[in-house]
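**Q** Sharing final.txt here; it has compact mmCIF, C-alpha atoms.
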```txt
# COMPACT_ATOMS: atom_id res chain seq x y z
CA MET J 1285 -62.80 47.13 44.11
CA GLU J 1286 -63.79 43.81 45.13
CA ASN J 1287 -60.63 42.11 46.13
CA PRO J 1288 -57.41 43.96 45.87
CA GLU J 1289 -55.31 40.86 46.52
CA ILE J 1290 -56.76 39.02 43.57
CA ASN J 1291 -55.98 41.91 41.31
CA ALA J 1292 -52.49 42.10 42.72
CA ASP J 1293 -51.94 38.41 42.04
CA SER J 1294 -53.18 38.71 38.53
CA VAL J 1295 -51.00 41.74 37.99
CA SER J 1296 -47.97 40.02 39.43
CA ALA J 1297 -48.76 36.92 37.37
CA ASN J 1298 -48.99 39.07 34.29
CA GLN J 1299 -45.74 40.72 35.18
CA THR J 1300 -43.90 37.40 35.71
CA THR J 1301 -45.28 35.75 32.60
CA PRO J 1302 -43.75 38.12 30.06
CA PRO J 1303 -40.24 37.81 31.56
CA GLN J 1304 -40.55 34.01 31.50
CA THR J 1305 -41.54 34.00 27.85
CA ALA J 1306 -38.73 36.41 27.11
CA ALA J 1307 -36.30 34.08 28.88
CA ALA J 1308 -37.68 31.09 26.99
CA ALA J 1309 -37.35 32.97 23.71
CA GLU J 1310 -33.80 33.95 24.59
CA LEU J 1311 -33.08 30.31 25.54
CA ASP J 1312 -34.50 29.14 22.20
CA GLN J 1313 -32.36 31.73 20.41
CA LEU J 1314 -29.25 30.49 22.28
CA ARG J 1315 -30.09 26.87 21.37
CA ILE J 1316 -30.42 27.83 17.69
CA GLU J 1317 -27.10 29.70 17.87
CA ARG J 1318 -25.49 26.72 19.65
CA ASP J 1319 -26.74 24.31 16.97
CA GLY J 1320 -25.47 26.64 14.25
CA LEU J 1321 -22.06 26.79 15.95
CA ARG J 1322 -21.99 22.99 16.20
CA VAL J 1323 -22.66 22.69 12.46
CA GLU J 1324 -19.98 25.28 11.73
CA ARG J 1325 -17.55 23.46 14.05
CA ASP J 1326 -18.24 20.14 12.32
CA GLU J 1327 -17.72 21.74 8.90
CA LEU J 1328 -14.44 23.31 10.05
CA ARG J 1329 -13.28 20.01 11.56
CA ASP J 1330 -14.12 18.22 8.29
CA MET J 1331 -12.29 20.90 6.29
CA LEU J 1332 -9.26 20.60 8.59
CA LEU J 1333 -9.15 16.82 8.15
CA ARG J 1334 -9.42 17.18 4.37
CA ARG J 1335 -6.65 19.78 4.29
CA GLN J 1336 -4.43 17.59 6.44
CA ALA J 1337 -5.04 14.65 4.09
CA GLU J 1338 -4.36 16.83 1.04
CA PHE J 1339 -1.14 18.09 2.59
CA ASP J 1340 -0.07 14.55 3.48
CA ASN J 1341 -0.76 13.40 -0.10
CA PHE J 1342 1.14 16.42 -1.44
CA ARG J 1343 4.13 15.64 0.79
CA LYS J 1344 4.16 11.98 -0.29
CA ARG J 1345 3.82 12.93 -3.96
CA THR J 1346 6.70 15.43 -3.80
CA GLU J 1347 8.90 12.87 -2.02
CA ARG J 1348 8.10 10.28 -4.69
CA GLU J 1349 8.76 12.79 -7.50
CA ARG J 1350 12.05 13.81 -5.89
CA ALA J 1351 13.10 10.15 -5.64
CA GLU J 1352 12.10 9.53 -9.28
CA GLN J 1353 14.01 12.63 -10.39
CA SER J 1354 17.07 11.45 -8.49
CA GLN J 1355 16.75 7.98 -10.00
CA TYR J 1356 16.29 9.44 -13.49
CA ALA J 1357 19.39 11.59 -13.06
CA SER J 1358 21.35 8.52 -11.91
CA MET J 1359 20.00 6.54 -14.84
CA GLU J 1360 21.17 9.21 -17.27
CA VAL J 1361 24.68 9.31 -15.78
CA VAL J 1362 24.99 5.52 -15.81
CA GLY J 1363 23.72 5.47 -19.40
CA ASP J 1364 26.45 7.92 -20.34
CA LEU J 1365 29.06 5.63 -18.74
CA LEU J 1366 27.99 2.50 -20.67
CA PRO J 1367 30.02 3.31 -23.82
CA ILE J 1368 33.11 3.61 -21.62
CA LEU J 1369 32.33 0.22 -20.08
CA ASP J 1370 31.94 -1.18 -23.62
CA ASP J 1371 35.34 0.26 -24.56
CA PHE J 1372 36.92 -1.47 -21.58
CA GLU J 1373 35.34 -4.78 -22.64
CA ARG J 1374 36.76 -4.35 -26.15
CA ALA J 1375 40.17 -3.43 -24.71
CA LEU J 1376 40.15 -6.63 -22.66
CA THR J 1377 39.57 -8.78 -25.76
CA ALA J 1378 42.26 -7.01 -27.79
CA ASP J 1379 45.80 -8.39 -27.88
CA SER J 1380 48.23 -6.45 -25.75
CA SER J 1381 52.01 -6.57 -25.88
CA SER J 1382 52.27 -5.82 -22.18
CA PRO J 1383 50.62 -8.17 -19.68
CA GLU J 1384 50.81 -5.48 -16.99
CA TYR J 1385 48.89 -3.09 -19.21
CA ALA J 1386 46.19 -5.74 -19.79
CA LYS J 1387 46.07 -6.43 -16.04
CA GLY J 1388 45.66 -2.69 -15.34
CA ILE J 1389 42.82 -2.41 -17.87
CA HIS J 1390 41.17 -5.46 -16.29
CA MET J 1391 41.44 -3.94 -12.78
CA ILE J 1392 39.94 -0.63 -13.92
CA TYR J 1393 37.12 -2.49 -15.69
CA GLN J 1394 36.38 -4.55 -12.57
CA ARG J 1395 36.33 -1.53 -10.25
CA MET J 1396 34.11 0.44 -12.60
CA GLY J 1397 31.77 -2.54 -12.99
CA GLU J 1398 31.54 -3.01 -9.21
CA SER J 1399 30.83 0.69 -8.66
CA LEU J 1400 28.09 0.70 -11.29
CA LYS J 1401 26.63 -2.50 -9.82
CA LYS J 1402 26.35 -0.76 -6.43
CA THR J 1403 24.28 1.99 -8.06
CA GLY J 1404 21.85 -0.62 -9.49
CA LEU J 1405 23.32 -1.63 -12.86
CA GLU J 1406 22.80 -5.28 -13.83
CA PRO J 1407 23.67 -6.98 -17.16
CA VAL J 1408 20.95 -8.55 -19.29
CA GLU J 1409 21.58 -12.27 -19.68
CA ALA J 1410 21.33 -13.00 -23.39
CA ILE J 1411 23.52 -15.84 -24.71
CA GLY J 1412 21.64 -19.15 -24.81
CA LYS J 1413 18.34 -17.52 -23.86
CA PRO J 1414 15.26 -17.28 -26.11
CA PHE J 1415 15.12 -14.06 -28.12
CA ASP J 1416 12.95 -11.44 -26.42
CA PRO J 1417 12.32 -8.26 -28.46
CA HIS J 1418 11.81 -6.34 -25.20
CA LEU J 1419 15.35 -7.19 -24.04
CA HIS J 1420 17.27 -7.89 -27.22
CA GLN J 1421 17.88 -6.13 -30.49
CA ALA J 1422 18.55 -8.62 -33.30
CA ILE J 1423 21.50 -7.48 -35.39
CA GLU J 1424 22.22 -10.72 -37.19
CA ARG J 1425 20.30 -13.91 -38.05
CA VAL J 1426 22.37 -17.07 -38.26
CA GLU J 1427 21.10 -20.15 -40.09
CA THR J 1428 21.73 -23.19 -37.96
CA ASN J 1429 20.14 -26.44 -36.95
CA ASP J 1430 22.47 -26.77 -33.94
CA ALA J 1431 20.43 -24.40 -31.75
CA PRO J 1432 16.69 -24.01 -31.19
CA ASP J 1433 14.87 -21.45 -33.29
CA HIS J 1434 15.11 -17.85 -31.98
CA THR J 1435 17.88 -18.60 -29.49
CA VAL J 1436 20.49 -15.91 -28.86
CA LEU J 1437 23.82 -17.23 -30.13
CA GLY J 1438 26.06 -14.26 -29.49
CA GLU J 1439 26.17 -10.76 -28.14
CA PHE J 1440 27.62 -7.77 -29.99
CA GLN J 1441 26.87 -5.31 -27.23
CA ARG J 1442 25.73 -6.14 -23.71
CA GLY J 1443 22.39 -4.83 -22.49
CA TYR J 1444 21.79 -3.52 -18.99
CA TYR J 1445 19.05 -3.04 -16.41
CA PHE J 1446 19.20 -0.10 -14.06
CA LYS J 1447 17.27 -0.58 -10.82
CA GLY J 1448 14.98 -3.11 -12.47
CA LYS J 1449 14.28 -1.08 -15.62
CA LEU J 1450 15.81 -1.83 -18.99
CA LEU J 1451 18.46 0.81 -19.65
CA ARG J 1452 19.78 -0.60 -22.92
CA PRO J 1453 18.81 -3.73 -24.88
CA SER J 1454 21.44 -6.30 -25.87
CA MET J 1455 22.54 -6.32 -29.51
CA VAL J 1456 22.53 -10.01 -30.44
CA LYS J 1457 22.71 -12.59 -33.19
CA VAL J 1458 19.81 -15.00 -33.31
CA ALA J 1459 19.51 -18.59 -34.53
CA VAL J 1460 17.01 -19.34 -37.30
CA PRO J 1461 16.38 -22.70 -38.97
CA ALA J 1462 18.31 -23.14 -42.19
CA ALA J 1463 15.19 -24.19 -44.10
CA ALA J 1464 13.23 -21.10 -43.06
CA ARG J 1465 15.65 -18.75 -44.73
CA ALA J 1466 15.69 -20.77 -47.96
CA ASP J 1467 11.88 -20.67 -48.01
CA SER J 1468 11.88 -16.92 -47.48
CA ARG J 1469 14.19 -16.47 -50.50
CA ILE J 1470 11.83 -18.48 -52.66
CA LEU J 1471 8.87 -16.37 -51.56
CA LYS J 1472 10.69 -13.09 -52.28
CA ILE J 1473 11.63 -13.99 -55.87
```
Just give me the structure of the file as structure tokens.
**A**
Amino acid sequence: MENPEINADSVSANQTTPPQTAAAAELDQLRIERDGLRVERDELRDMLLRRQAEFDNFRKRTERERAEQSQYASMEVVGDLLPILDDFERALTADSSSPEYAKGIHMIYQRMGESLKKTGLEPVEAIGKPFDPHLHQAIERVETNDAPDHTVLGEFQRGYYFKGKLLRPSMVKVAVPAAARADSRILKI
């Protein structure tokens, strides 16, 4: 044995080298695991954000649907009350032997009209306006040269909007030129 110290150093160097490589390998393994956990964390965070957004959209959609359902139910009830309102309007135009009775009918009509207006009912303005097939239903055509063509001359039944949507179109009579109707008769014969 030439130099026992040299052999001891080489042995101790050999003994310390494998633990260092084992530690480095373990460190590399921990880094890989850490990176994998970061990716998993990022995926979970992304999934959480998506689920929160989906839930928020779901909540908003159900609130909107609930509001629409409530509005539709109100619209149906108000639509059912319109014939009663029409009856009151006809009762107001009818002759009454008792002025107090007529006054009572008028008061009930006013209160009902005010209550329905608070819920969102608005009348469709028709008389004197141009005929609009989206708002008016033509029941009668009147030959006249006193009014512009397709002008609403009268209203048989009032139309109404409910919260901005047409609930019922107005039933109207519409002005047509006198010559136009005579021409249409000639064409039909």
**Q** For segment 1449-1457 of chain J, find every residue with an atom within 10 Å (counting all atoms listed in the file), except residues of its own chain fewer than 2 positions away, and show them as an mmCIF file with C-alpha atoms, in the coordinates of the input.
**A**
```
data_model
loop_
_atom_site.group_PDB
_atom_site.id
_atom_site.type_symbol
_atom_site.label_atom_id
_atom_site.label_comp_id
_atom_site.auth_asym_id
_atom_site.auth_seq_id
_atom_site.Cartn_x
_atom_site.Cartn_y
_atom_site.Cartn_z
ATOM 1 C CA MET J 1359 20.000 6.540 -14.840
ATOM 2 C CA GLU J 1360 21.170 9.210 -17.270
ATOM 3 C CA VAL J 1362 24.990 5.520 -15.810
ATOM 4 C CA GLY J 1363 23.720 5.470 -19.400
ATOM 5 C CA LEU J 1366 27.990 2.500 -20.670
ATOM 6 C CA GLY J 1404 21.850 -0.620 -9.490
ATOM 7 C CA LEU J 1405 23.320 -1.630 -12.860
ATOM 8 C CA GLU J 1406 22.800 -5.280 -13.830
ATOM 9 C CA PRO J 1407 23.670 -6.980 -17.160
ATOM 10 C CA VAL J 1408 20.950 -8.550 -19.290
ATOM 11 C CA GLU J 1409 21.580 -12.270 -19.680
ATOM 12 C CA ALA J 1410 21.330 -13.000 -23.390
ATOM 13 C CA ILE J 1411 23.520 -15.840 -24.710
ATOM 14 C CA PHE J 1415 15.120 -14.060 -28.120
ATOM 15 C CA ASP J 1416 12.950 -11.440 -26.420
ATOM 16 C CA PRO J 1417 12.320 -8.260 -28.460
ATOM 17 C CA HIS J 1418 11.810 -6.340 -25.200
ATOM 18 C CA LEU J 1419 15.350 -7.190 -24.040
ATOM 19 C CA HIS J 1420 17.270 -7.890 -27.220
ATOM 20 C CA GLN J 1421 17.880 -6.130 -30.490
ATOM 21 C CA ALA J 1422 18.550 -8.620 -33.300
ATOM 22 C CA ILE J 1423 21.500 -7.480 -35.390
ATOM 23 C CA GLU J 1424 22.220 -10.720 -37.190
ATOM 24 C CA ARG J 1425 20.300 -13.910 -38.050
ATOM 25 C CA VAL J 1426 22.370 -17.070 -38.260
ATOM 26 C CA HIS J 1434 15.110 -17.850 -31.980
ATOM 27 C CA THR J 1435 17.880 -18.600 -29.490
ATOM 28 C CA VAL J 1436 20.490 -15.910 -28.860
ATOM 29 C CA LEU J 1437 23.820 -17.230 -30.130
ATOM 30 C CA GLY J 1438 26.060 -14.260 -29.490
ATOM 31 C CA GLU J 1439 26.170 -10.760 -28.140
ATOM 32 C CA PHE J 1440 27.620 -7.770 -29.990
ATOM 33 C CA GLN J 1441 26.870 -5.310 -27.230
ATOM 34 C CA ARG J 1442 25.730 -6.140 -23.710
ATOM 35 C CA GLY J 1443 22.390 -4.830 -22.490
ATOM 36 C CA TYR J 1444 21.790 -3.520 -18.990
ATOM 37 C CA TYR J 1445 19.050 -3.040 -16.410
ATOM 38 C CA PHE J 1446 19.200 -0.100 -14.060
ATOM 39 C CA LYS J 1447 17.270 -0.580 -10.820
ATOM 40 C CA ALA J 1459 19.510 -18.590 -34.530
ATOM 41 C CA VAL J 1460 17.010 -19.340 -37.300
#
```
**Q** Can you tell me how far atom CA of Leu1333 of chain J sits from atom CA of Arg1315 of chain J, in Å to one decimal?
**A**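 For atom CA of Leu1333 of chain J relative to atom CA of Arg1315 of chain J, the distance reads 26.7 Å.
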**Q** Measure the distance from atom CA of Arg1374 of chain J to atom CA of Ile1392 of chain J in Å and round it to one decimal.
**A**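 About the pair atom CA of Arg1374 of chain J and atom CA of Ile1392 of chain J: they are 13.2 Å apart.
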**Q** Taking into account all atoms listed in the file, which residue in the set J:Leu1311, J:Ala1306, J:Val1458, J:Ala1386 is nearest to Lys1413 of chain J?
**A**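 For Lys1413 of chain J, the nearest of the candidates is J:Val1458.
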**Q** Enter the distance from atom CA of Tyr1385 of chain J to atom CA of Glu1398 of chain J, in Å, rounded to one decimal.
**A** 20.0 Å
**Q** If we count all atoms listed in the file, what is near segment 1375-1380 of chain J at a cut-off of 12 Å, once residues fewer than 3 positions away on the same chain are taken out, given as a PyMOL selection string?
**A** chain J and resi 1368-1372+1383-1394
**Q** Rebuild N, CA and C atoms on segment 1441-1462 of chain J, as a compact mmCIF listing (two decimals), in the coordinates of the input?
**A**
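Just written: out.txt:
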```
# COMPACT_ATOMS: atom_id res chain seq x y z
N GLN J 1441 26.78 -6.34 -28.26
CA GLN J 1441 26.87 -5.31 -27.23
C GLN J 1441 25.95 -5.72 -26.09
N ARG J 1442 26.49 -5.70 -24.88
CA ARG J 1442 25.73 -6.14 -23.71
C ARG J 1442 24.64 -5.14 -23.37
N GLY J 1443 23.49 -5.66 -22.96
CA GLY J 1443 22.39 -4.83 -22.49
C GLY J 1443 22.42 -4.74 -20.98
N TYR J 1444 21.76 -3.73 -20.44
CA TYR J 1444 21.79 -3.52 -18.99
C TYR J 1444 20.42 -3.10 -18.45
N TYR J 1445 20.16 -3.53 -17.21
CA TYR J 1445 19.05 -3.04 -16.41
C TYR J 1445 19.62 -2.01 -15.44
N PHE J 1446 18.82 -1.03 -15.12
CA PHE J 1446 19.20 -0.10 -14.06
C PHE J 1446 18.04 -0.02 -13.08
N LYS J 1447 18.28 -0.53 -11.89
CA LYS J 1447 17.27 -0.58 -10.82
C LYS J 1447 15.98 -1.23 -11.30
N GLY J 1448 16.14 -2.34 -12.03
CA GLY J 1448 14.98 -3.11 -12.47
C GLY J 1448 14.38 -2.67 -13.79
N LYS J 1449 14.80 -1.54 -14.33
CA LYS J 1449 14.28 -1.08 -15.62
C LYS J 1449 15.34 -1.29 -16.69
N LEU J 1450 14.87 -1.62 -17.88
CA LEU J 1450 15.81 -1.83 -18.99
C LEU J 1450 16.42 -0.49 -19.37
N LEU J 1451 17.74 -0.41 -19.28
CA LEU J 1451 18.46 0.81 -19.65
C LEU J 1451 18.88 0.75 -21.12
N ARG J 1452 19.36 -0.43 -21.53
CA ARG J 1452 19.78 -0.60 -22.92
C ARG J 1452 19.60 -2.06 -23.30
N PRO J 1453 18.96 -2.33 -24.46
CA PRO J 1453 18.81 -3.73 -24.88
C PRO J 1453 20.13 -4.30 -25.40
N SER J 1454 20.25 -5.62 -25.34
CA SER J 1454 21.44 -6.30 -25.87
C SER J 1454 21.35 -6.36 -27.38
N MET J 1455 22.47 -6.14 -28.06
CA MET J 1455 22.54 -6.32 -29.51
C MET J 1455 23.06 -7.74 -29.74
N VAL J 1456 22.23 -8.58 -30.39
CA VAL J 1456 22.53 -10.01 -30.44
C VAL J 1456 22.40 -10.58 -31.85
N LYS J 1457 22.97 -11.80 -31.98
CA LYS J 1457 22.71 -12.59 -33.19
C LYS J 1457 21.84 -13.75 -32.78
N VAL J 1458 20.87 -14.07 -33.64
CA VAL J 1458 19.81 -15.00 -33.31
C VAL J 1458 19.82 -16.19 -34.27
N ALA J 1459 19.56 -17.36 -33.73
CA ALA J 1459 19.51 -18.59 -34.53
C ALA J 1459 18.16 -18.68 -35.25
N VAL J 1460 18.22 -19.05 -36.53
CA VAL J 1460 17.01 -19.34 -37.30
C VAL J 1460 17.25 -20.66 -38.02
N PRO J 1461 16.20 -21.43 -38.25
CA PRO J 1461 16.38 -22.70 -38.97
C PRO J 1461 16.88 -22.44 -40.39
N ALA J 1462 17.73 -23.30 -40.85
CA ALA J 1462 18.31 -23.14 -42.19
C ALA J 1462 17.22 -23.22 -43.26
```
